[in-house]
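Enquirer: Sharing my_file.cif here; it has mmCIF, C-alpha atoms.
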data_target
loop_
_atom_site.label_atom_id
_atom_site.label_comp_id
_atom_site.auth_asym_id
_atom_site.auth_seq_id
_atom_site.Cartn_x
_atom_site.Cartn_y
_atom_site.Cartn_z
CA MET L 1375 8.54 -10.62 26.59
CA VAL L 1376 9.85 -8.85 23.51
CA VAL L 1377 11.45 -5.45 23.00
CA VAL L 1378 11.48 -3.51 19.76
CA ILE L 1379 13.66 -0.53 18.91
CA VAL L 1380 11.60 2.01 17.01
CA THR L 1381 12.76 4.08 14.05
CA LEU L 1382 12.49 7.67 15.44
CA ALA L 1383 13.60 11.12 14.40
CA GLY L 1384 15.88 12.91 16.88
CA MET L 1385 15.80 16.68 17.40
CA LEU L 1386 15.90 19.09 20.32
CA THR L 1387 13.09 21.46 21.28
CA ALA L 1388 13.87 25.01 22.19
CA GLN L 1389 14.28 24.89 25.95
CA ALA L 1390 16.61 26.48 28.42
CA GLN L 1391 17.72 23.04 29.62
CA PRO L 1392 18.67 20.32 27.10
CA GLN L 1393 16.29 17.40 26.81
CA SER L 1394 17.20 13.89 27.85
CA THR L 1395 18.37 11.60 25.06
CA ALA L 1396 16.65 8.26 24.77
CA VAL L 1397 16.34 4.99 22.91
CA VAL L 1398 12.67 4.08 22.53
CA VAL L 1399 11.66 0.45 22.63
CA ALA L 1400 8.42 -1.51 22.95
CA THR L 1401 7.78 -4.58 25.05
CA GLU L 1402 5.21 -7.32 24.40
CA VAL L 1403 5.05 -6.29 20.78
CA ASP L 1404 2.20 -7.39 18.56
CA ALA L 1405 0.77 -6.14 15.28
CA GLU L 1406 -1.40 -3.58 17.07
CA MET L 1407 1.59 -2.07 18.90
CA GLN L 1408 3.70 -1.94 15.75
CA GLN L 1409 0.89 -0.20 13.85
CA ARG L 1410 0.52 2.40 16.57
CA MET L 1411 4.26 3.08 16.66
CA LEU L 1412 4.38 3.55 12.91
CA GLN L 1413 1.60 6.15 13.13
CA VAL L 1414 3.48 8.38 15.59
CA THR L 1415 5.13 11.13 13.53
CA ASP L 1416 6.94 13.07 16.27
CA TRP L 1417 8.38 10.93 19.03
CA ASN L 1418 10.41 13.82 20.44
CA GLN L 1419 7.20 15.69 21.20
CA ALA L 1420 5.38 12.56 22.34
CA LEU L 1421 8.02 11.71 24.95
CA GLU L 1422 9.55 15.17 25.48
CA ARG L 1423 12.97 13.67 24.81
CA THR L 1424 15.52 13.65 22.03
CA VAL L 1425 15.04 10.18 20.59
CA LEU L 1426 17.72 8.45 18.51
CA ASP L 1427 16.70 7.17 15.10
CA GLN L 1428 17.30 3.52 14.19
CA ALA L 1429 20.45 4.10 12.14
CA GLU L 1430 22.06 6.08 14.94
CA VAL L 1431 21.21 3.36 17.48
CA GLN L 1432 22.86 0.75 15.26
CA ARG L 1433 25.93 2.91 14.65
CA ARG L 1434 26.45 3.45 18.35
CA LEU L 1435 26.14 -0.26 19.05
CA THR L 1436 28.46 -1.46 16.27
CA SER L 1437 30.58 1.46 14.93
CA LEU L 1438 29.52 0.41 11.41
CA PRO L 1439 29.41 3.46 9.08
CA ALA L 1440 26.00 2.67 7.55
CA PRO L 1441 24.55 -0.44 9.24
CA ARG L 1442 21.86 -2.38 7.38
CA LEU L 1443 20.47 -5.83 6.70
CA PRO L 1444 21.60 -6.88 3.21
CA ASP L 1445 19.55 -8.71 0.60
CA LEU L 1446 21.60 -11.74 -0.44
CA ALA L 1447 19.68 -12.17 -3.69
CA ALA L 1448 20.45 -8.56 -4.61
CA VAL L 1449 24.15 -9.04 -3.80
CA ARG L 1450 24.32 -12.14 -6.02
CA SER L 1451 22.65 -10.15 -8.78
CA MET L 1452 25.29 -7.43 -8.37
CA LEU L 1453 28.08 -9.97 -8.91
CA GLU L 1454 26.33 -11.28 -12.02
CA GLN L 1455 26.06 -7.73 -13.35
CA ALA L 1456 29.77 -7.25 -12.72
CA ASN L 1457 30.57 -10.39 -14.72
CA ASP L 1458 28.36 -9.11 -17.57
CA ARG L 1459 30.24 -5.80 -17.54
CA GLU L 1460 33.52 -7.67 -17.65
CA ALA L 1461 32.33 -9.72 -20.60
CA ALA L 1462 31.39 -6.47 -22.38
CA TYR L 1463 34.96 -5.15 -21.82
CA ASP L 1464 33.82 -2.67 -19.15
CA THR L 1465 36.37 -3.67 -16.54
CA ALA L 1466 36.15 -0.39 -14.63
CA GLY L 1467 32.37 -0.78 -14.32
CA ALA L 1468 32.76 -4.37 -13.15
CA ILE L 1469 35.28 -3.39 -10.47
CA ALA L 1470 33.02 -0.56 -9.26
CA ILE L 1471 30.10 -2.97 -8.77
CA ARG L 1472 32.32 -5.44 -6.91
CA ARG L 1473 33.49 -2.67 -4.58
CA ASP L 1474 29.82 -1.93 -3.90
CA VAL L 1475 29.43 -5.58 -2.85
CA LEU L 1476 32.29 -5.11 -0.38
CA GLN L 1477 30.54 -2.05 1.06
CA VAL L 1478 27.37 -4.08 1.57
CA TYR L 1479 29.41 -6.66 3.50
CA ASP L 1480 31.22 -4.01 5.55
CA ASN L 1481 27.90 -2.50 6.65
CA ALA L 1482 26.09 -5.77 7.38
CA LEU L 1483 24.59 -5.60 10.86
CA LEU L 1484 24.64 -9.37 11.42
CA PRO L 1485 27.22 -11.98 10.41
CA SER L 1486 26.41 -14.16 7.40
CA LEU L 1487 28.56 -16.94 5.96
CA ASP L 1488 26.90 -16.56 2.56
CA LEU L 1489 27.55 -12.82 2.47
CA GLN L 1490 31.11 -13.41 3.60
CA THR L 1491 31.66 -15.80 0.66
CA LEU L 1492 30.19 -13.26 -1.78
CA ALA L 1493 32.45 -10.50 -0.44
CA ALA L 1494 35.50 -12.76 -0.75
CA THR L 1495 34.52 -13.62 -4.32
CA ALA L 1496 34.19 -9.91 -5.15
CA LEU L 1497 37.69 -9.24 -3.80
CA GLN L 1498 39.15 -12.16 -5.75
CA ASP L 1499 37.48 -10.94 -8.93
CA ILE L 1500 38.79 -7.40 -8.36
CA ALA L 1501 42.33 -8.75 -8.02
CA SER L 1502 41.91 -10.79 -11.20
CA SER L 1503 40.51 -7.84 -13.18
CA GLU L 1504 43.21 -5.45 -12.00
CA LEU L 1505 45.88 -7.95 -12.95
CA ALA L 1506 44.35 -8.41 -16.42
CA GLU L 1507 44.42 -4.63 -16.89
CA GLY L 1508 48.12 -4.50 -15.96
CA HIS L 1509 47.48 -2.78 -12.61
CA ASP L 1510 49.90 -4.97 -10.64
CA LYS L 1511 49.97 -2.83 -7.49
CA GLU L 1512 46.17 -2.66 -7.21
CA ALA L 1513 45.86 -6.37 -7.99
CA LEU L 1514 48.33 -7.30 -5.24
CA GLU L 1515 46.55 -5.07 -2.70
CA ALA L 1516 43.18 -6.69 -3.48
CA ALA L 1517 44.70 -10.19 -3.25
CA ARG L 1518 46.40 -9.35 0.04
CA THR L 1519 43.14 -8.00 1.50
CA ALA L 1520 41.28 -11.13 0.39
CA GLN L 1521 43.91 -13.37 1.97
CA ARG L 1522 43.90 -11.33 5.19
CA ARG L 1523 40.15 -11.08 5.72
CA PHE L 1524 38.84 -14.24 4.02
CA PRO L 1525 41.51 -16.97 4.16
CA ASN L 1526 38.73 -19.59 4.48
CA VAL L 1527 37.38 -18.83 0.96
CA ALA L 1528 39.71 -20.53 -1.52
CA LEU L 1529 40.36 -19.07 -4.96
CA ASP L 1530 38.34 -20.85 -7.67
CA ALA L 1531 40.97 -22.13 -10.11
CA ARG L 1532 38.27 -22.85 -12.71
CA ARG L 1533 37.30 -19.18 -12.92
CA HIS L 1534 40.75 -17.63 -12.77
CA PRO L 1535 43.93 -18.25 -14.81
CA PRO L 1536 47.19 -19.54 -13.25
CA SER L 1537 48.58 -16.02 -13.12
CA VAL L 1538 45.89 -15.07 -10.56
CA ALA L 1539 46.74 -18.14 -8.45
CA GLN L 1540 50.38 -17.03 -8.46
CA LEU L 1541 49.29 -13.54 -7.42
CA PHE L 1542 47.45 -14.94 -4.39
CA LYS L 1543 50.42 -17.07 -3.37
CA ARG L 1544 52.60 -13.98 -3.46
CA ALA L 1545 50.00 -12.07 -1.42
CA ALA L 1546 49.98 -14.82 1.24
CA ILE L 1547 53.76 -14.66 1.56
CA GLU L 1548 53.78 -10.88 1.87
CA LEU L 1549 50.95 -10.97 4.38
CA LYS L 1550 53.15 -12.92 6.78
CA LYS L 1551 55.61 -10.01 6.74
CA ALA L 1552 52.94 -7.34 7.24
CA PRO L 1553 52.87 -5.32 10.51
CA THR L 1554 50.46 -6.52 13.16
CA GLY L 1555 48.56 -5.00 16.03
CA GLU L 1556 46.97 -6.29 19.24
CA LEU L 1557 43.24 -6.80 19.48
CA VAL L 1558 41.68 -7.34 22.90
CA VAL L 1559 38.12 -8.64 23.03
CA THR L 1560 36.28 -8.46 26.38
CA THR L 1561 33.20 -10.61 26.89
CA PRO L 1562 31.01 -11.45 29.91
CA SER L 1563 30.86 -15.17 29.10
CA LYS L 1564 32.57 -17.97 27.21
CA VAL L 1565 32.18 -17.36 23.47
CA ARG L 1566 33.91 -17.89 20.13
CA VAL L 1567 35.49 -14.80 18.59
CA MET L 1568 35.42 -14.28 14.82
CA ALA L 1569 37.20 -11.67 12.71
CA ASP L 1570 35.77 -11.82 9.17
CA GLY L 1571 36.75 -15.31 8.01
CA VAL L 1572 39.33 -15.81 10.77
CA ALA L 1573 38.47 -17.78 13.91
CA LEU L 1574 40.45 -16.03 16.66
CA GLY L 1575 39.67 -18.57 19.38
CA GLU L 1576 37.56 -18.81 22.53
CA SER L 1577 37.20 -16.07 25.07
CA ASN L 1578 36.16 -16.70 28.66
CA GLY L 1579 36.07 -13.04 29.60
CA ARG L 1580 39.07 -11.71 27.68
CA LEU L 1581 40.96 -12.68 24.52
CA SER L 1582 44.11 -10.98 23.20
CA VAL L 1583 45.36 -11.76 19.68
CA LYS L 1584 47.76 -10.35 17.10
CA LEU L 1585 46.23 -9.49 13.72
CA PRO L 1586 47.58 -7.90 10.54
CA GLN L 1587 46.88 -4.19 10.60
CA GLY L 1588 43.79 -3.05 8.70
CA THR L 1589 40.00 -3.00 8.97
CA TRP L 1590 38.13 -6.00 10.39
CA ARG L 1591 34.59 -7.01 11.23
CA ILE L 1592 34.44 -8.67 14.67
CA TRP L 1593 31.59 -10.71 16.17
CA LEU L 1594 30.99 -13.30 18.89
CA ALA L 1595 29.14 -16.60 18.69
CA ASP L 1596 27.97 -19.29 21.09
CA ASN L 1597 25.43 -22.10 20.99
CA GLU L 1598 22.54 -19.65 21.46
CA GLY L 1599 23.35 -17.13 18.74
CA THR L 1600 25.68 -14.35 17.67
CA SER L 1601 26.41 -10.78 18.59
CA LEU L 1602 26.14 -7.87 16.19
CA VAL L 1603 29.04 -7.17 13.85
CA HIS L 1604 31.53 -4.56 15.11
CA ALA L 1605 33.80 -2.45 12.91
CA VAL L 1606 37.40 -2.47 14.18
CA THR L 1607 40.61 -0.98 12.80
CA VAL L 1608 43.72 -2.77 14.02
CA ALA L 1609 46.77 -0.49 14.16
CA SER L 1610 50.08 -0.27 15.98
CA GLN L 1611 48.41 0.50 19.30
CA THR L 1612 46.23 -1.99 21.16
CA VAL L 1613 42.56 -1.90 20.17
CA SER L 1614 39.91 -3.04 22.65
CA VAL L 1615 36.41 -4.29 21.88
CA ASP L 1616 33.87 -4.72 24.69
CA VAL L 1617 30.84 -6.74 23.58
CA ASP L 1618 27.67 -7.28 25.64
CA MET L 1619 26.79 -10.70 24.27
CA GLN L 1620 23.55 -11.04 26.25
CA LEU L 1621 22.18 -7.75 24.92
CA GLU L 1622 23.29 -8.18 21.31
CA ARG L 1623 22.33 -11.83 21.01
CA SER L 1624 18.80 -10.85 22.01
CA LEU L 1625 18.55 -8.30 19.20
CA SER L 1626 16.97 -9.14 15.87
CA TRP L 1627 16.14 -6.75 13.06
CA THR L 1628 12.92 -7.35 11.10
CA THR L 1629 10.20 -4.81 10.24
CA VAL L 1630 11.22 -3.13 13.46
CA PRO L 1631 14.30 -4.02 15.55
CA VAL L 1632 13.42 -6.54 18.26
CA LEU L 1633 15.05 -7.32 21.59
CA ARG L 1634 13.82 -10.55 23.16
CA CYS L 1635 13.74 -10.45 26.95
CA LYS L 1636 11.84 -11.97 29.86
CA ASP L 1637 12.33 -11.01 33.48
CA ASP L 1638 15.55 -9.15 32.69
CA CYS L 1639 13.97 -6.40 30.56
CA ASP L 1640 14.91 -3.59 32.95
CA ALA L 1641 18.52 -4.78 32.99
CA LEU L 1642 18.64 -4.97 29.20
CA LEU L 1643 17.02 -1.55 28.86
CA ARG L 1644 19.64 -0.12 31.17
CA ALA L 1645 22.39 -1.85 29.17
CA LEU L 1646 20.91 -0.50 25.95
CA ALA L 1647 20.93 3.05 27.32
CA ASN L 1648 24.56 2.69 28.38
CA ARG L 1649 25.69 1.09 25.11
CA THR L 1650 24.09 3.85 23.03
CA SER L 1651 25.36 6.62 25.35
CA THR L 1652 21.85 7.92 26.00
CA ASP L 1653 20.28 9.06 29.25
CA GLU L 1654 17.61 6.39 29.24
CA ALA L 1655 15.78 3.67 27.36
CA VAL L 1656 11.98 3.89 27.19
CA GLY L 1657 10.03 0.63 27.08
CA LEU L 1658 6.49 0.64 25.75
CA SER L 1659 3.77 -1.96 26.28
CA LEU L 1660 -0.02 -2.31 26.04
CA GLY L 1661 -2.07 -3.11 29.13
CA GLU L 1662 -5.27 -5.14 29.34
CA ASN L 1663 -7.22 -2.20 27.91
CA THR L 1664 -5.63 -2.12 24.48
CA ARG L 1665 -7.40 1.14 23.56
CA ALA L 1666 -5.78 2.99 26.47
CA PRO L 1667 -2.44 4.84 26.25
CA ALA L 1668 0.65 2.62 26.20
CA ASN L 1669 2.55 1.95 29.40
CA GLY L 1670 5.97 3.62 29.37
CA ARG L 1671 8.84 2.08 31.32
CA PHE L 1672 11.61 4.69 31.63
CA VAL L 1673 14.95 3.10 32.61
CA ARG L 1674 17.87 5.49 33.04
CA ALA L 1675 21.49 4.57 32.48
CA ASP L 1676 22.08 4.63 36.24
CA GLY L 1677 19.26 2.11 36.79
CA THR L 1678 16.59 4.54 38.03
CA THR L 1679 13.15 3.52 36.75
CA SER L 1680 9.70 5.08 36.47
CA SER L 1681 6.43 4.25 34.72
CA VAL L 1682 4.39 6.86 32.84
CA PRO L 1683 1.47 6.42 30.39
CA VAL L 1684 2.31 7.45 26.82
CA VAL L 1685 -0.80 9.17 25.48
CA ALA L 1686 0.62 9.34 21.94
CA LEU L 1687 0.19 5.56 21.70
CA ALA L 1688 -3.48 5.47 22.67
CA ASP L 1689 -5.71 3.77 20.12
CA LEU L 1690 -7.44 6.74 18.48
CA LYS L 1691 -8.96 4.76 15.59
CA PRO L 1692 -12.77 4.14 15.63
CA ASN L 1693 -13.86 0.63 16.50
CA LEU L 1694 -14.66 -0.64 13.03
CA ALA L 1695 -16.30 -3.83 14.32
CA LEU L 1696 -18.76 -1.88 16.45
CA THR L 1697 -19.43 0.58 13.66
CA ALA L 1698 -20.23 -2.22 11.25
CA ALA L 1699 -22.50 -3.98 13.74
CA SER L 1700 -24.54 -0.88 14.57
CA PRO L 1701 -27.46 -0.36 12.12
CA PRO L 1702 -27.91 3.09 10.59
CA PRO L 1703 -30.74 5.22 12.06
CA PRO L 1704 -34.08 4.44 10.36
CA ASP L 1705 -35.54 6.93 7.91
CA ARG L 1706 -38.71 8.79 8.97
CA PHE L 1707 -42.03 7.14 7.95
CA SER L 1708 -43.51 8.62 4.76
CA ALA L 1709 -47.32 9.17 4.69
CA TRP L 1710 -47.20 8.94 0.90
CA SER L 1711 -46.93 5.17 1.33
CA LEU L 1712 -50.62 5.15 2.34
CA VAL L 1713 -51.75 6.75 -0.93
CA PRO L 1714 -52.87 4.26 -3.64
CA PHE L 1715 -52.59 4.55 -7.43
CA GLY L 1716 -48.79 4.12 -7.26
CA VAL L 1717 -48.23 7.36 -5.33
CA GLY L 1718 -46.33 5.58 -2.51
CA GLN L 1719 -44.00 3.86 -4.98
CA LEU L 1720 -43.37 7.12 -6.85
CA ALA L 1721 -42.51 8.81 -3.51
CA GLN L 1722 -39.95 6.03 -2.98
CA LYS L 1723 -38.50 6.88 -6.42
CA ARG L 1724 -39.60 3.48 -7.76
CA TYR L 1725 -41.06 4.92 -10.92
CA VAL L 1726 -41.65 1.69 -12.84
CA ALA L 1727 -43.53 0.06 -9.93
CA GLY L 1728 -45.52 3.24 -9.35
CA SER L 1729 -46.55 3.43 -13.01
CA ILE L 1730 -47.66 -0.22 -13.03
CA TYR L 1731 -49.69 0.10 -9.83
CA GLY L 1732 -51.22 3.39 -11.01
CA GLY L 1733 -52.13 1.99 -14.46
CA ILE L 1734 -53.80 -1.13 -13.06
CA GLN L 1735 -55.88 0.77 -10.52
CA ALA L 1736 -56.87 3.46 -13.06
CA GLY L 1737 -58.00 0.74 -15.46
CA LEU L 1738 -60.08 -1.01 -12.78
CA LEU L 1739 -61.64 2.31 -11.76
CA ALA L 1740 -62.56 3.08 -15.37
CA TRP L 1741 -64.08 -0.41 -15.77
CA ASN L 1742 -66.17 0.11 -12.65
CA ILE L 1743 -67.44 3.50 -13.85
CA VAL L 1744 -68.36 2.14 -17.29
CA ASN L 1745 -70.40 -0.70 -15.76
CA ALA L 1746 -72.16 1.70 -13.41
CA THR L 1747 -73.30 4.03 -16.25
CA ARG L 1748 -74.49 1.17 -18.48
CA SER L 1749 -76.99 -0.10 -15.87
CA ASP L 1750 -79.53 2.69 -16.57
CA GLY L 1751 -82.49 1.88 -18.95
CA ARG L 1752 -81.66 -1.80 -19.35
CA ASN L 1753 -83.89 -4.83 -18.83
CA ALA L 1754 -83.60 -6.78 -15.62
CA ALA L 1755 -81.26 -9.48 -17.03
CA GLU L 1756 -78.78 -7.01 -18.56
CA GLU L 1757 -78.91 -4.82 -15.46
CA SER L 1758 -78.07 -7.83 -13.30
CA ASP L 1759 -75.04 -8.67 -15.49
CA HIS L 1760 -73.73 -5.12 -15.40
CA ARG L 1761 -74.21 -4.97 -11.64
CA LYS L 1762 -72.15 -8.16 -11.27
CA MET L 1763 -69.37 -6.68 -13.46
CA GLN L 1764 -69.54 -3.47 -11.44
CA ASN L 1765 -69.15 -5.38 -8.16
CA LEU L 1766 -66.29 -7.45 -9.62
CA SER L 1767 -64.41 -4.39 -10.84
CA ALA L 1768 -64.99 -2.66 -7.48
CA GLY L 1769 -63.65 -5.68 -5.62
CA LEU L 1770 -60.59 -5.91 -7.86
CA LEU L 1771 -59.97 -2.18 -7.50
CA ILE L 1772 -60.13 -2.34 -3.73
CA GLY L 1773 -57.80 -5.37 -3.70
CA ALA L 1774 -55.34 -3.61 -6.00
CA MET L 1775 -55.37 -0.51 -3.77
CA VAL L 1776 -54.77 -2.58 -0.63
CA ALA L 1777 -51.93 -4.44 -2.34
CA ASN L 1778 -50.49 -1.11 -3.53
CA VAL L 1779 -50.43 0.40 -0.04
CA ALA L 1780 -49.21 -2.81 1.63
CA GLU L 1781 -46.31 -3.18 -0.82
CA ALA L 1782 -45.24 0.43 -0.27
CA LEU L 1783 -45.29 -0.04 3.52
CA ILE L 1784 -43.27 -3.26 3.28
CA VAL L 1785 -40.61 -1.57 1.13
CA ASP L 1786 -40.43 1.28 3.69
CA ALA L 1787 -39.87 -1.23 6.51
CA VAL L 1788 -37.21 -3.22 4.63
CA SER L 1789 -35.36 -0.06 3.65
CA ASP L 1790 -35.21 1.00 7.29
#
Rewrite the structure of this file - the entire thing - as structure tokens.
Expert:
Amino acid sequence: MVVVIVTLAGMLTAQAQPQSTAVVVATEVDAEMQQRMLQVTDWNQALERTVLDQAEVQRRLTSLPAPRLPDLAAVRSMLEQANDREAAYDTAGAIAIRRDVLQVYDNALLPSLDLQTLAATALQDIASSELAEGHDKEALEAARTAQRRFPNVALDARRHPPSVAQLFKRAAIELKKAPTGELVVTTPSKVRVMADGVALGESNGRLSVKLPQGTWRIWLADNEGTSLVHAVTVASQTVSVDVDMQLERSLSWTTVPVLRCKDDCDALLRALANRTSTDEAVGLSLGENTRAPANGRFVRADGTTSSVPVVALADLKPNLALTAASPPPPDRFSAWSLVPFGVGQLAQKRYVAGSIYGGIQAGLLAWNIVNATRSDGRNAAEESDHRKMQNLSAGLLIGAMVANVAEALIVDAVSD
């Protein structure tokens, strides 16, 4: 069974009592369900609840300022653009692009070693550029941040001069003297705890560590996957992070956010409602009759459940397969098809065929008339010849008329 968090707009309707807030999800998702969800324009009205949009759901789960899934190719392109700016003596422009790369990393919803390396490279390049510009204070701050958050990404001595290597050594020494704070990570199971590029250790329920003060990105990992990334600011007072590994490890974010679950869907829906501080999570699924309204599973934060059909997710599209298989209603029979001399074809707007049939039959009729008039006052032999020609022309005329009418009728039948 699969659960998908839907991108929804949240707003309250004018009522005396405030509406319930909800996270809307869909179970047993397939292409049909996704298409239906995308076609719903007002989920608040459809469910009579204030529904969180996707960005707000992600913010409440992770505390990230603007959570998103980054495009690694685009981030690499940004770093290349920064290098081009630097080569064109636009150091300020290069630094600005590199800071944008750091923002992409800081808002990444899921951990990525490749993105982590790119962010560390951006910080190292900022420190190098600031130092080259004579901004010693800014250069030292960038080097110190790089050493604090990404100590596992070594400085590339081939890209940077010895002065930058000396700057990073100084930053490492100063970092040891920097004030620290306590970070407490609470987990329901045994997991590895990561803070940016720093492995904090294993937690079997609770892990307390000292970290240099500043912003961090915290996530958990085990043999089955990772949690989401959480934004944490370590300060003088103890900071606690409570991560529901089972819930977050089940989440994936593709065209629509997906939560994989089996028999524990109600429990995960309840956890999702609690983690997002909403009144309930609404699970949607299609029954055996896929054209019927979706089944709605309403799970409140206290565990109360109910099932209600969601009419807004009924399949309102026409059945295209049945429409294509059903023949159009036949046209009414035209009596003009029984008229010879091309009249039936002309009624069918087949003007060339009608002209040909009409010309042939008119010619045969004229031939027959000519032979009939020539038979008067002739000797017996000539009269016999003309009578034969008259009979032949009559026979051909009749055959042409029959063929004319038959062809018109056949075209009528085929057109129907």
Enquirer: Work out how far CA of Asp1488 in chain L is from CA of Pro1525 in chain L, in Å to one decimal.
Expert: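 Value for the CA of Pro1525 in chain L-CA of Asp1488 in chain L distance: 14.7 Å.
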Enquirer: What gap, in Å, lies between CA of Val1744 in chain L and CA of Gly1769 in chain L?
Expert: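 So the two atoms, CA of Val1744 in chain L and CA of Gly1769 in chain L, lie 14.8 Å apart.
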Enquirer: Applying 10 Å and all atoms listed in the file, which residues near Cys1635 in chain L remain after dropping the ones on its own chain fewer than 3 positions away? List them as an mmCIF file with C-alpha atoms, in the frame of the given file.
Expert:
data_model
loop_
_atom_site.group_PDB
_atom_site.id
_atom_site.type_symbol
_atom_site.label_atom_id
_atom_site.label_comp_id
_atom_site.auth_asym_id
_atom_site.auth_seq_id
_atom_site.Cartn_x
_atom_site.Cartn_y
_atom_site.Cartn_z
ATOM 1 C CA MET L 1375 8.540 -10.620 26.590
ATOM 2 C CA VAL L 1376 9.850 -8.850 23.510
ATOM 3 C CA VAL L 1377 11.450 -5.450 23.000
ATOM 4 C CA THR L 1401 7.780 -4.580 25.050
ATOM 5 C CA GLU L 1402 5.210 -7.320 24.400
ATOM 6 C CA GLN L 1620 23.550 -11.040 26.250
ATOM 7 C CA LEU L 1621 22.180 -7.750 24.920
ATOM 8 C CA SER L 1624 18.800 -10.850 22.010
ATOM 9 C CA LEU L 1625 18.550 -8.300 19.200
ATOM 10 C CA VAL L 1632 13.420 -6.540 18.260
ATOM 11 C CA ASP L 1638 15.550 -9.150 32.690
ATOM 12 C CA CYS L 1639 13.970 -6.400 30.560
ATOM 13 C CA ASP L 1640 14.910 -3.590 32.950
ATOM 14 C CA ALA L 1641 18.520 -4.780 32.990
ATOM 15 C CA LEU L 1642 18.640 -4.970 29.200
ATOM 16 C CA LEU L 1643 17.020 -1.550 28.860
#
Enquirer: Got a sec: who's within 12 Å of Gln1540 in chain L, counting only C-alpha atoms, leaving out chain neighbours fewer than 2 positions off, as a list in words?
Expert: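 Final neighbour list, sorted by chain and number: Ala1501, Ser1502, Leu1505, Ala1513, Leu1514, Ala1517, Leu1529, Ala1531, His1534, Pro1535, Pro1536, Ser1537, Val1538, Phe1542, Lys1543, Arg1544, Ala1545, Ala1546 and Ile1547 of chain L.
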Enquirer: May I have the residues from that selection written out with C-alpha atoms, as a JSON list (two decimals), in the coordinates of the input?
Expert:
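Saved result, result_7.json, follows:
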[["chain", "number", "residue", "atom", "x", "y", "z"],
["L", 1501, "ALA", "CA", 42.33, -8.75, -8.02],
["L", 1502, "SER", "CA", 41.91, -10.79, -11.20],
["L", 1505, "LEU", "CA", 45.88, -7.95, -12.95],
["L", 1513, "ALA", "CA", 45.86, -6.37, -7.99],
["L", 1514, "LEU", "CA", 48.33, -7.30, -5.24],
["L", 1517, "ALA", "CA", 44.70, -10.19, -3.25],
["L", 1529, "LEU", "CA", 40.36, -19.07, -4.96],
["L", 1531, "ALA", "CA", 40.97, -22.13, -10.11],
["L", 1534, "HIS", "CA", 40.75, -17.63, -12.77],
["L", 1535, "PRO", "CA", 43.93, -18.25, -14.81],
["L", 1536, "PRO", "CA", 47.19, -19.54, -13.25],
["L", 1537, "SER", "CA", 48.58, -16.02, -13.12],
["L", 1538, "VAL", "CA", 45.89, -15.07, -10.56],
["L", 1542, "PHE", "CA", 47.45, -14.94, -4.39],
["L", 1543, "LYS", "CA", 50.42, -17.07, -3.37],
["L", 1544, "ARG", "CA", 52.60, -13.98, -3.46],
["L", 1545, "ALA", "CA", 50.00, -12.07, -1.42],
["L", 1546, "ALA", "CA", 49.98, -14.82, 1.24],
["L", 1547, "ILE", "CA", 53.76, -14.66, 1.56]]
Enquirer: Determine the residue membership of the PyMOL selection byres ((chain L and resi 1660) around 12) for the file above and supply it as a PyMOL selection string.
Expert: chain L and resi 1375+1400-1408+1410-1411+1657-1659+1661-1671+1683-1685+1687-1689
Enquirer: Mind giving me the straight-line distance from CA of Val1478 in chain L to CA of Leu1438 in chain L in Å, one decimal?
Expert: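 Separation between CA of Val1478 in chain L and CA of Leu1438 in chain L: 11.0 Å.
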Enquirer: Would you mind listing what lies within 10 Å of Leu1483 in chain L as a list in words, with only C-alpha atoms counted and same-chain residues fewer than 4 positions away left out?
Expert: Gln1432, Arg1433, Leu1435, Thr1436, Leu1438, Ala1440, Pro1441, Arg1442, Leu1443, Pro1444, Val1478, Tyr1479, Ser1601, Leu1602, Val1603, His1604, Ala1605, Ser1626 and Trp1627 of chain L
Enquirer: Please produce a file of those selected residues containing C-alpha atoms, as a PDB file, in the frame of the given file.
Expert:
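And here is the file that came out, again.pdb:
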ATOM      1  CA  GLN L1432      22.860   0.750  15.260  1.00  0.00           C
ATOM      2  CA  ARG L1433      25.930   2.910  14.650  1.00  0.00           C
ATOM      3  CA  LEU L1435      26.140  -0.260  19.050  1.00  0.00           C
ATOM      4  CA  THR L1436      28.460  -1.460  16.270  1.00  0.00           C
ATOM      5  CA  LEU L1438      29.520   0.410  11.410  1.00  0.00           C
ATOM      6  CA  ALA L1440      26.000   2.670   7.550  1.00  0.00           C
ATOM      7  CA  PRO L1441      24.550  -0.440   9.240  1.00  0.00           C
ATOM      8  CA  ARG L1442      21.860  -2.380   7.380  1.00  0.00           C
ATOM      9  CA  LEU L1443      20.470  -5.830   6.700  1.00  0.00           C
ATOM     10  CA  PRO L1444      21.600  -6.880   3.210  1.00  0.00           C
ATOM     11  CA  VAL L1478      27.370  -4.080   1.570  1.00  0.00           C
ATOM     12  CA  TYR L1479      29.410  -6.660   3.500  1.00  0.00           C
ATOM     13  CA  SER L1601      26.410 -10.780  18.590  1.00  0.00           C
ATOM     14  CA  LEU L1602      26.140  -7.870  16.190  1.00  0.00           C
ATOM     15  CA  VAL L1603      29.040  -7.170  13.850  1.00  0.00           C
ATOM     16  CA  HIS L1604      31.530  -4.560  15.110  1.00  0.00           C
ATOM     17  CA  ALA L1605      33.800  -2.450  12.910  1.00  0.00           C
ATOM     18  CA  SER L1626      16.970  -9.140  15.870  1.00  0.00           C
ATOM     19  CA  TRP L1627      16.140  -6.750  13.060  1.00  0.00           C
TER      20      TRP L1627
END
Enquirer: Can you work out which one of L:Gln1409, L:Ser1451, L:Ser1577, L:Asn1745 has the shortest atom-to-atom distance to Leu1594 in chain L, counting only C-alpha atoms?
Expert: L:Ser1577
